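One structure is given here, and the rest of the page talks about it.
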Amino acid sequence: MGERTANVHDGDIGATITGLAAVIHDRRTASPEESYTARLLTGKEDSLLKKVVEEACEVVMAAKDHDHDHIRYEAGDLVYHLLVVLERYGITLEELAGELDARRH
Ligand SMILES: N=c1c2ncn([C@@H]3O[C@H](COP(=O)(O)OP(=O)(O)OP(=O)(O)O)[C@@H](O)[C@H]3O)c2ncn1[C@@H]1O[C@H](COP(=O)(O)O)[C@@H](O)[C@H]1O
């Protein structure tokens, strides 16, 4: 487990997600030896998909413990891995936003 200290954001949250997605996209051409993201993008499909399930379970366990800092930490892991899934399968943030917007009522 890494650092669980809160670094609360007071800026543009969309820019944070867009920036992270752009870094993940750029890692498509990075060396898998040097980049964890590159390994997830080019390695076995199941390794990435299992990681998403594992991170989702960790969010659930942290939530069951009502552990605020741990939930936030594990949610960060889950969102990062989900963004890697979107990149690997060619789904853009614009598509995701369109999907979410279409559900508004
Ligand atoms: N946001 C992340 C990010 N979040 C999580 N991780 C990695 O995801 C893995 C999570 O695995 P685990 O859950 O097993 O590890 P853990 O969280 O330490 O431990 P537990 O939760 O199991 O207790 C760790 O190796 C983390 O380093 C991330 N790796 C990279 N990024 C971003 O991606 C960028 C590019 O990273 P590289 O590909 O490494 O260059 C970085 O600059 C970051 O912005």
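We label chains A, B, ... in the order they appear in the structure tokens, count residues from 1 in each chain, and number ligands from 1 in the order shown.
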Next on the checklist: Please identify all protein, DNA and RNA residues within 7 Å of ligand 1, counting only C-alpha atoms and all ligand atoms, and report them as a ChimeraX atom specification.
Outcome noted: /A:1-2,20,23-24,27,34-38,55,58,74,76-77,80
Taking only C-alpha atoms into account, produce a table as a Markdown table in which each residue of segment 6-79 of chain A with an atom at most 10 Å from an atom of segment 90-99 of chain A appears once, together with its shortest atom pair and the distance in Å to one decimal, ordered by chain and rising number.
```
| residue | atom | partner | partner_atom | distance |
| --- | --- | --- | --- | --- |
| A:Ile17 | CA | A:Leu93 | CA | 8.8 |
| A:Thr18 | CA | A:Leu93 | CA | 7.5 |
| A:Ala21 | CA | A:Leu93 | CA | 7.9 |
| A:Ala22 | CA | A:Leu93 | CA | 10.0 |
| A:His25 | CA | A:Gly90 | CA | 9.8 |
```
Item to check | Every residue of chain A that DSSP places in helix (DSSP H, G or I), as an MDAnalysis selection string | outcome: chainID A and resid 13:29 36:42 45:64 68:88 93:101
With C-alpha atoms retained, write the just-selected residues as a compact mmCIF listing (two decimals), in the first residue's frame.
```
# COMPACT_ATOMS: atom_id res chain seq x y z
CA ILE A 13 -10.81 17.90 -11.98
CA GLY A 14 -11.61 17.26 -15.65
CA ALA A 15 -8.10 18.45 -16.53
CA THR A 16 -6.63 15.94 -14.07
CA ILE A 17 -8.48 13.03 -15.69
CA THR A 18 -7.75 14.30 -19.21
CA GLY A 19 -4.07 14.75 -18.33
CA LEU A 20 -3.79 11.26 -16.85
CA ALA A 21 -5.53 9.76 -19.90
CA ALA A 22 -3.05 11.60 -22.15
CA VAL A 23 -0.07 10.21 -20.17
CA ILE A 24 -1.58 6.71 -20.42
CA HIS A 25 -2.06 7.17 -24.20
CA ASP A 26 1.58 8.24 -24.58
CA ARG A 27 2.72 5.11 -22.73
CA ARG A 28 1.54 3.06 -25.74
CA THR A 29 4.97 3.71 -27.23
CA TYR A 36 3.96 -0.16 -15.61
CA THR A 37 1.31 1.43 -17.85
CA ALA A 38 3.06 0.16 -20.98
CA ARG A 39 3.09 -3.34 -19.48
CA LEU A 40 -0.66 -3.14 -18.81
CA LEU A 41 -1.30 -1.83 -22.34
CA THR A 42 0.78 -4.41 -24.19
CA GLU A 45 -5.24 -8.91 -21.66
CA ASP A 46 -6.22 -10.93 -18.57
CA SER A 47 -3.49 -9.32 -16.44
CA LEU A 48 -5.06 -5.89 -16.93
CA LEU A 49 -8.62 -7.12 -16.54
CA LYS A 50 -7.78 -9.03 -13.34
CA LYS A 51 -6.16 -5.88 -11.97
CA VAL A 52 -9.41 -3.94 -12.47
CA VAL A 53 -11.37 -6.58 -10.57
CA GLU A 54 -8.73 -6.60 -7.80
CA GLU A 55 -8.83 -2.81 -7.46
CA ALA A 56 -12.65 -2.81 -7.44
CA CYS A 57 -12.57 -5.39 -4.62
CA GLU A 58 -10.13 -3.21 -2.69
CA VAL A 59 -12.52 -0.24 -2.99
CA VAL A 60 -15.35 -2.43 -1.71
CA MET A 61 -13.30 -3.70 1.26
CA ALA A 62 -12.22 -0.16 2.17
CA ALA A 63 -15.86 0.97 1.96
CA LYS A 64 -16.98 -1.89 4.20
CA HIS A 68 -12.37 7.36 4.24
CA ASP A 69 -8.66 7.67 3.38
CA HIS A 70 -8.41 4.07 2.23
CA ILE A 71 -11.51 4.38 0.01
CA ARG A 72 -9.99 7.45 -1.66
CA TYR A 73 -6.65 5.69 -2.15
CA GLU A 74 -8.15 2.54 -3.67
CA ALA A 75 -10.55 4.59 -5.84
CA GLY A 76 -7.45 6.28 -7.28
CA ASP A 77 -6.04 2.87 -8.18
CA LEU A 78 -9.35 1.80 -9.72
CA VAL A 79 -9.81 4.97 -11.80
CA TYR A 80 -6.23 4.73 -13.10
CA HIS A 81 -6.67 1.08 -14.11
CA LEU A 82 -10.06 1.82 -15.68
CA LEU A 83 -8.46 4.57 -17.77
CA VAL A 84 -5.86 2.03 -18.90
CA VAL A 85 -8.72 -0.29 -19.94
CA LEU A 86 -10.35 2.52 -21.94
CA GLU A 87 -7.03 3.25 -23.67
CA ARG A 88 -6.35 -0.40 -24.42
CA LEU A 93 -12.89 10.16 -22.79
CA GLU A 94 -15.19 11.99 -25.23
CA GLU A 95 -17.06 8.72 -25.84
CA LEU A 96 -17.27 8.05 -22.12
CA ALA A 97 -18.55 11.58 -21.46
CA GLY A 98 -21.10 11.15 -24.25
CA GLU A 99 -22.25 7.89 -22.69
CA LEU A 100 -22.70 9.53 -19.28
CA ASP A 101 -24.36 12.66 -20.69
```
Checklist outcome for this item: Closest of A:Ala6, A:His105, A:Ser31, A:Asp12 to Gly43 of chain A, counting only C-alpha atoms, is A:Ser31
